[in-house]
Amino acid sequence: MFQQSFRPKSRMFQVSEIVGLSIAQLCRAGLLLCCLVGLNQSVLGETSTNFQPMDVFDLEYASYPQVSHDGEQVIYMRRSFNVMRDATRSALWMVDLGTGNHEPLFADFGSYGWPTWSHSGEQIAYVTVSGRRHQIRILHLASGRTALLAELADAPRWLAFSPDDRQIAFTQSIPQKVDAPLYKAPKKPKGAKWSAAAKVVDTVLYQFDGRGIVAPSFSQVFVLPSDGGTPRQLTQGNYQHVGPLAWRGDNDSLLFSANRREGWALETFEGDLYEVDLSSLALRQVTTQPGREYAPKIARDGNRILYLSESSERATYRHARLMLLDEQNQETQPLGNDLDVSIQAAVWSDRDRSVSILYDRQAKRHLAELSLKGKLSVLSEDVGGTSLGRPYLSGGFDYRSGTYGLTLAKKNRPADLGVIRDRELTQVTHLNEDLLATKTLAQVQSVRYPSSFDGTLIHGFYLTPPDFDPSKRYPLILELHGGPHLAYGDFFSAEMQLMASEGYIVFYDNYRGSASYGEDFALLLQGKYASREDFQDHMSGIDHLIDRGFVDADNLFICGGSAGGIGTAYAIGLTDRFNAAVAAKPVINWISKTLTADSYVFQTHHQFSGPPWEKFDEYWQRSPLSLMGNVVTPTMLLTGEKDRRTPISETEQFYQALKLKGVDAVMVRLPGSAHSIAGRPSRLLSKVGHTLAWFERYRKPSQPQQTSPVSSAPD
């Protein structure tokens, strides 16, 4: 039995609970931000058993499990939120599988990442930040003492001990040497205050969402003595050398992935495996196939290399495939090609006689063992739970010496740490029982239905309110996922729980183009996103739920972010059935979006058949702006002001078009936020709060059922 040791939580109390108002009512009263203030509920009112806004700050989840090389201990990153700093923090905890001891390694107000075991199991390397400097530190488990190994200007990634534990490899971005300026300003008089110097941009990749306009920098591979010293750079050149990193057994060389071709910045899914010799720094190209090869894993015999491969063809979606290279005979063969899945991760297992793989199928993330002859044995279908805001497929695993550590997902809980030994799955942690065991949560149900467009079977989910009564009719919110080649599952979602707690049925579907249903299904949106086809997938699901009798057909609402925001904007150009819409970070005009966003190379290469000036009609037909003449639905737009993936100029175009048409519209701008508008807890609350307040404005009183209800049980 595992002994649970949990840190005490500083619980914040909910204004919405104190005064007995719903979050939507608070929003209408202009009090949304006040619900971030902690007050003593025991004095001012009773505690609601529903999931409430401030509960978000008390959520925790496990991520990035790392198993010791003897398989007896597991470290994991325990993520939580700092209510005073409005930020995510990451502690490191360790579980001893023999004794059941569960204890913190670092659990303070700092944030820690990339925990990496030495082969001896005596040390753990990790990354943290002090001031503005990034640090690689090492923890000696026997003494509990830590040592600073390196202090770096940029964040190190992909830490990996050498087989003899004497060195640690990592990658780090290094700024490009600056050329002489085009223009040299004259010397200004002493004490003069001139405007800031001009920024000159001449690179293909010059902006990144979340970072803004950036000076050119290139990821290089380094090694560092594990007992302290100076990091040594192994790779050179203006290329991106990326992890994961794989050591050869002789400690003399490393494998990584890079695209070192001329014109690489204008290529998307291209990259080869390279090997660098630590003594001579000589590079050897290991793979030469078209597409991108990455994530190498070297077998103990030193002759066989597992890696993942992705095609570079002009397709919106491509499976990542598992490949095996035998360097003795230079033969490469695919593994598991007949599975029709995209491999998320793969490692050698069972003494290198099989491979453990992670893949998505039918809205579930699977962990399985694949023999080298193709026999598949599923170990778990419950990997996930690391996407707190919305229920995306997520999560990961690690394997050593017969032990698997994984992020374990449930419908009503964020990720916990799970362990598989002898094919038996054990839940090791229960990180949210102190909070969620006291809550009445919305229940997630699964549903399948044919699309009215062509009969394609669509998989969806819906949440019922905590006090759900199938004899009543409820307003419905359709929430569209992003990507579009991502997928939702039946996982815990803070955003959807908050929506359902306000009395809504929350419906979300894995419409055509979604991942985890095979390559052909994903490619149904090739050249069509957004389209009338995925629109009919959504509407068919809504009609299916209306026919069950518990959805109020006069109270329908739609929202979504990114690709979901585009789908929302497109949908209201095709129907007036929704009372109101919230399009978060949408694209309204593909021509302007493609030529202003950070993803322009990918867009022109894969989502369209050419650049906008050659394929104007294709770009325009897929732009929600082309349907603007039909829009009558009251619409809220919600975007981060620093968004460079779907720039706020797209939101501004949509807002001004709505105003010119006389459609009720409001634009919500999130200062300082990039594309991840729910990246901070308060922004998640702001996103949901504004959405519910907008919907509440157009929510009509529900009418009683006229017919007997149909079962609300899953299909």
# chains A, B, ... in the order shown; residues from 1 in each chain; ligands from 1
>>> residues_around(residues="Glu262 (chain A)", least_positions_apart="6", cutoff="12 Å", atoms="only C-alpha atoms", output="PyMOL selection string")
chain A and resi 237-239+270-271
>>> residues_around(residues="Ala198 (chain A)", least_positions_apart="4", cutoff="12 Å", atoms="only C-alpha atoms", output="list in words")
Pro181, Leu182, Tyr183, Lys184, Ala185 and Trp194 of chain A
>>> write_last_selection(atoms="all heavy atoms", output="mmCIF file, in the first residue's frame")
data_model
loop_
_atom_site.group_PDB
_atom_site.id
_atom_site.type_symbol
_atom_site.label_atom_id
_atom_site.label_comp_id
_atom_site.auth_asym_id
_atom_site.auth_seq_id
_atom_site.Cartn_x
_atom_site.Cartn_y
_atom_site.Cartn_z
ATOM 1 N N PRO A 181 25.752 46.483 -38.674
ATOM 2 C CA PRO A 181 24.440 47.074 -38.952
ATOM 3 C C PRO A 181 24.376 47.701 -40.340
ATOM 4 O O PRO A 181 25.400 48.130 -40.896
ATOM 5 C CB PRO A 181 24.301 48.135 -37.855
ATOM 6 C CG PRO A 181 25.704 48.473 -37.473
ATOM 7 C CD PRO A 181 26.484 47.197 -37.620
ATOM 8 N N LEU A 182 23.166 47.721 -40.922
ATOM 9 C CA LEU A 182 22.974 48.380 -42.211
ATOM 10 C C LEU A 182 23.234 49.879 -42.108
ATOM 11 O O LEU A 182 23.760 50.497 -43.027
ATOM 12 C CB LEU A 182 21.529 48.147 -42.693
ATOM 13 C CG LEU A 182 21.154 46.738 -43.131
ATOM 14 C CD1 LEU A 182 19.666 46.659 -43.427
ATOM 15 C CD2 LEU A 182 21.952 46.330 -44.363
ATOM 16 N N TYR A 183 22.847 50.422 -40.976
ATOM 17 C CA TYR A 183 22.970 51.867 -40.781
ATOM 18 C C TYR A 183 23.541 52.128 -39.403
ATOM 19 O O TYR A 183 23.090 51.551 -38.411
ATOM 20 C CB TYR A 183 21.592 52.528 -40.916
ATOM 21 C CG TYR A 183 21.477 53.886 -40.261
ATOM 22 C CD1 TYR A 183 22.104 55.005 -40.822
ATOM 23 C CD2 TYR A 183 20.761 54.044 -39.086
ATOM 24 C CE1 TYR A 183 22.003 56.252 -40.210
ATOM 25 C CE2 TYR A 183 20.647 55.286 -38.473
ATOM 26 C CZ TYR A 183 21.274 56.387 -39.043
ATOM 27 O OH TYR A 183 21.175 57.611 -38.441
ATOM 28 N N LYS A 184 24.527 52.971 -39.336
ATOM 29 C CA LYS A 184 25.119 53.343 -38.061
ATOM 30 C C LYS A 184 24.732 54.767 -37.743
ATOM 31 O O LYS A 184 25.087 55.703 -38.482
ATOM 32 C CB LYS A 184 26.634 53.191 -38.111
ATOM 33 C CG LYS A 184 27.302 53.449 -36.759
ATOM 34 C CD LYS A 184 28.809 53.200 -36.822
ATOM 35 C CE LYS A 184 29.451 53.433 -35.459
ATOM 36 N NZ LYS A 184 30.921 53.192 -35.503
ATOM 37 N N ALA A 185 23.992 54.952 -36.664
ATOM 38 C CA ALA A 185 23.509 56.284 -36.299
ATOM 39 C C ALA A 185 24.670 57.170 -35.858
ATOM 40 O O ALA A 185 25.658 56.686 -35.299
ATOM 41 C CB ALA A 185 22.480 56.175 -35.174
ATOM 42 N N TRP A 194 17.146 59.959 -27.480
ATOM 43 C CA TRP A 194 16.633 59.593 -28.791
ATOM 44 C C TRP A 194 15.742 58.357 -28.660
ATOM 45 O O TRP A 194 15.761 57.654 -27.655
ATOM 46 C CB TRP A 194 17.787 59.290 -29.748
ATOM 47 C CG TRP A 194 18.590 60.516 -30.117
ATOM 48 C CD1 TRP A 194 18.487 61.769 -29.593
ATOM 49 C CD2 TRP A 194 19.642 60.568 -31.074
ATOM 50 N NE1 TRP A 194 19.395 62.616 -30.169
ATOM 51 C CE2 TRP A 194 20.122 61.904 -31.091
ATOM 52 C CE3 TRP A 194 20.223 59.643 -31.924
ATOM 53 C CZ2 TRP A 194 21.151 62.316 -31.933
ATOM 54 C CZ3 TRP A 194 21.252 60.044 -32.767
ATOM 55 C CH2 TRP A 194 21.706 61.366 -32.770
#
>>> closest_residue(among="A:Glu479, A:Asp509, A:Asp643, A:Asp416", to="Leu59 (chain A)", atoms="only C-alpha atoms")
A:Asp416
>>> residues_around(residues="region 319-327 of chain A", least_positions_apart="5", cutoff="8 Å", atoms="only C-alpha atoms", output="PDB file with N, CA, C and O atoms, in the first residue's frame")
ATOM      1  N   ASN A 303      23.749  -1.600 -32.004  1.00  0.00           N
ATOM      2  CA  ASN A 303      23.600  -1.722 -33.457  1.00  0.00           C
ATOM      3  C   ASN A 303      22.236  -1.280 -33.970  1.00  0.00           C
ATOM      4  O   ASN A 303      22.095  -0.971 -35.152  1.00  0.00           O
ATOM      5  N   ARG A 304      21.240  -1.269 -33.086  1.00  0.00           N
ATOM      6  CA  ARG A 304      19.876  -0.979 -33.532  1.00  0.00           C
ATOM      7  C   ARG A 304      19.394   0.340 -32.934  1.00  0.00           C
ATOM      8  O   ARG A 304      19.578   0.601 -31.744  1.00  0.00           O
ATOM      9  N   ILE A 305      18.756   1.143 -33.797  1.00  0.00           N
ATOM     10  CA  ILE A 305      18.268   2.452 -33.376  1.00  0.00           C
ATOM     11  C   ILE A 305      16.771   2.550 -33.691  1.00  0.00           C
ATOM     12  O   ILE A 305      16.356   2.394 -34.846  1.00  0.00           O
ATOM     13  N   LEU A 306      16.005   2.784 -32.662  1.00  0.00           N
ATOM     14  CA  LEU A 306      14.597   3.128 -32.834  1.00  0.00           C
ATOM     15  C   LEU A 306      14.493   4.622 -33.072  1.00  0.00           C
ATOM     16  O   LEU A 306      15.225   5.406 -32.460  1.00  0.00           O
ATOM     17  N   TYR A 307      13.561   5.036 -33.909  1.00  0.00           N
ATOM     18  CA  TYR A 307      13.303   6.462 -34.052  1.00  0.00           C
ATOM     19  C   TYR A 307      11.919   6.672 -34.647  1.00  0.00           C
ATOM     20  O   TYR A 307      11.288   5.738 -35.162  1.00  0.00           O
ATOM     21  N   LEU A 308      11.436   7.893 -34.553  1.00  0.00           N
ATOM     22  CA  LEU A 308      10.155   8.267 -35.140  1.00  0.00           C
ATOM     23  C   LEU A 308      10.389   9.011 -36.443  1.00  0.00           C
ATOM     24  O   LEU A 308      11.397   9.713 -36.600  1.00  0.00           O
ATOM     25  N   SER A 309       9.453   8.872 -37.356  1.00  0.00           N
ATOM     26  CA  SER A 309       9.590   9.481 -38.677  1.00  0.00           C
ATOM     27  C   SER A 309       8.268  10.096 -39.107  1.00  0.00           C
ATOM     28  O   SER A 309       7.206   9.514 -38.880  1.00  0.00           O
ATOM     29  N   GLU A 310       8.363  11.274 -39.701  1.00  0.00           N
ATOM     30  CA  GLU A 310       7.172  11.988 -40.157  1.00  0.00           C
ATOM     31  C   GLU A 310       7.373  12.429 -41.597  1.00  0.00           C
ATOM     32  O   GLU A 310       8.422  12.975 -41.952  1.00  0.00           O
ATOM     33  N   SER A 311       6.377  12.213 -42.428  1.00  0.00           N
ATOM     34  CA  SER A 311       6.456  12.550 -43.839  1.00  0.00           C
ATOM     35  C   SER A 311       6.459  14.064 -44.039  1.00  0.00           C
ATOM     36  O   SER A 311       5.881  14.815 -43.251  1.00  0.00           O
ATOM     37  N   THR A 332      16.528  -0.583 -42.811  1.00  0.00           N
ATOM     38  CA  THR A 332      15.523   0.132 -42.035  1.00  0.00           C
ATOM     39  C   THR A 332      14.166  -0.499 -42.285  1.00  0.00           C
ATOM     40  O   THR A 332      13.810  -0.770 -43.441  1.00  0.00           O
ATOM     41  N   GLN A 333      13.412  -0.751 -41.214  1.00  0.00           N
ATOM     42  CA  GLN A 333      12.087  -1.331 -41.361  1.00  0.00           C
ATOM     43  C   GLN A 333      11.090  -0.605 -40.468  1.00  0.00           C
ATOM     44  O   GLN A 333      11.437  -0.145 -39.381  1.00  0.00           O
ATOM     45  N   PRO A 334       9.850  -0.477 -40.930  1.00  0.00           N
ATOM     46  CA  PRO A 334       8.817   0.125 -40.081  1.00  0.00           C
ATOM     47  C   PRO A 334       8.306  -0.887 -39.067  1.00  0.00           C
ATOM     48  O   PRO A 334       8.286  -2.094 -39.330  1.00  0.00           O
ATOM     49  N   LEU A 335       7.894  -0.396 -37.915  1.00  0.00           N
ATOM     50  CA  LEU A 335       7.288  -1.235 -36.888  1.00  0.00           C
ATOM     51  C   LEU A 335       5.865  -0.735 -36.622  1.00  0.00           C
ATOM     52  O   LEU A 335       5.646   0.465 -36.470  1.00  0.00           O
ATOM     53  N   GLY A 336       4.910  -1.662 -36.566  1.00  0.00           N
ATOM     54  CA  GLY A 336       3.534  -1.292 -36.249  1.00  0.00           C
ATOM     55  C   GLY A 336       2.848  -0.468 -37.309  1.00  0.00           C
ATOM     56  O   GLY A 336       1.909   0.285 -37.011  1.00  0.00           O
ATOM     57  N   ASN A 337       3.277  -0.593 -38.559  1.00  0.00           N
ATOM     58  CA  ASN A 337       2.701   0.221 -39.631  1.00  0.00           C
ATOM     59  C   ASN A 337       1.230  -0.067 -39.867  1.00  0.00           C
ATOM     60  O   ASN A 337       0.486   0.780 -40.353  1.00  0.00           O
ATOM     61  N   ASP A 340      -2.364   1.932 -37.988  1.00  0.00           N
ATOM     62  CA  ASP A 340      -3.052   3.154 -38.403  1.00  0.00           C
ATOM     63  C   ASP A 340      -3.180   4.133 -37.237  1.00  0.00           C
ATOM     64  O   ASP A 340      -4.245   4.652 -36.942  1.00  0.00           O
ATOM     65  N   VAL A 341      -2.059   4.355 -36.548  1.00  0.00           N
ATOM     66  CA  VAL A 341      -2.010   5.310 -35.442  1.00  0.00           C
ATOM     67  C   VAL A 341      -0.752   6.156 -35.592  1.00  0.00           C
ATOM     68  O   VAL A 341       0.204   5.776 -36.288  1.00  0.00           O
ATOM     69  N   SER A 342      -0.752   7.290 -34.927  1.00  0.00           N
ATOM     70  CA  SER A 342       0.427   8.142 -34.870  1.00  0.00           C
ATOM     71  C   SER A 342       1.146   7.859 -33.556  1.00  0.00           C
ATOM     72  O   SER A 342       0.555   7.964 -32.484  1.00  0.00           O
ATOM     73  N   ILE A 343       2.405   7.489 -33.628  1.00  0.00           N
ATOM     74  CA  ILE A 343       3.172   7.130 -32.443  1.00  0.00           C
ATOM     75  C   ILE A 343       3.659   8.406 -31.752  1.00  0.00           C
ATOM     76  O   ILE A 343       4.359   9.231 -32.355  1.00  0.00           O
ATOM     77  N   GLN A 344       3.290   8.561 -30.496  1.00  0.00           N
ATOM     78  CA  GLN A 344       3.692   9.743 -29.734  1.00  0.00           C
ATOM     79  C   GLN A 344       5.074   9.585 -29.122  1.00  0.00           C
ATOM     80  O   GLN A 344       5.816  10.564 -28.990  1.00  0.00           O
ATOM     81  N   ALA A 346       8.272   6.268 -28.081  1.00  0.00           N
ATOM     82  CA  ALA A 346       8.648   4.855 -28.136  1.00  0.00           C
ATOM     83  C   ALA A 346       9.978   4.664 -27.431  1.00  0.00           C
ATOM     84  O   ALA A 346      10.890   5.496 -27.563  1.00  0.00           O
ATOM     85  N   GLU A 519      -5.678   7.746 -40.178  1.00  0.00           N
ATOM     86  CA  GLU A 519      -5.172   8.774 -41.092  1.00  0.00           C
ATOM     87  C   GLU A 519      -6.232   9.236 -42.077  1.00  0.00           C
ATOM     88  O   GLU A 519      -6.334  10.428 -42.386  1.00  0.00           O
TER      89      GLU A 519
END
>>> residues_around(residues="Lys585 (chain A)", least_positions_apart="2", cutoff="9 Å", atoms="only C-alpha atoms", output="number ranges by chain")
A: 560-566, 583, 587, 637-640, 643, 645-648, 650-651, 675, 677
>>> atom_distance(atom1="CA of Met94 (chain A)", atom2="CA of Gly121 (chain A)")
12.4 Å
>>> residues_around(residues="Asp164 (chain A)", least_positions_apart="6", cutoff="9 Å", atoms="only C-alpha atoms", output="list in words")
Ser118, His119, Ser120, Gly249, Asp250 and Asn251 of chain A
>>> atom_distance(atom1="CA of Ala160 (chain A)", atom2="CA of Leu376 (chain A)")
29.0 Å
>>> atom_distance(atom1="CA of Tyr698 (chain A)", atom2="CA of Pro634 (chain A)")
8.5 Å
>>> closest_residue(among="A:Asp520, A:Glu433, A:Asp202, A:Asp360", to="Pro414 (chain A)", atoms="only C-alpha atoms")
A:Glu433
>>> select_by_dssp(residues="region 556-598 of chain A", states="strand (DSSP E or B)", output="list in words")
Leu556, Phe557, Ile558, Cys559, Gly560, Gly561, Ala580, Ala581, Val582, Ala583 and Ala584 of chain A
>>> select_by_dssp(residues="region 32-157 of chain A", states="alpha helix (DSSP H)", output="JSON, numbers by chain")
{"A": [41, 42, 43, 44]}
>>> closest_residue(among="A:Val383, A:Ala265, A:Ala246, A:Leu627", to="Asp490 (chain A)", atoms="only C-alpha atoms")
A:Val383
>>> residues_around(residues="Arg683 (chain A)", least_positions_apart="6", cutoff="9 Å", atoms="only C-alpha atoms", output="list in words")
Asp86, Leu670, Ser673 and Ile677 of chain A
>>> closest_residue(among="A:Gly513, A:Pro65, A:Gly489, A:Gly71", to="Thr403 (chain A)", atoms="only C-alpha atoms")
A:Gly71
>>> residues_around(residues="Pro701 (chain A)", least_positions_apart="2", cutoff="12 Å", atoms="only C-alpha atoms", output="list in words")
Arg473, Tyr474, Pro475, Gly503, Asp552, Ala553, Asp554, Asn555, Glu696, Arg697, Tyr698, Arg699, Gln703 and Pro704 of chain A
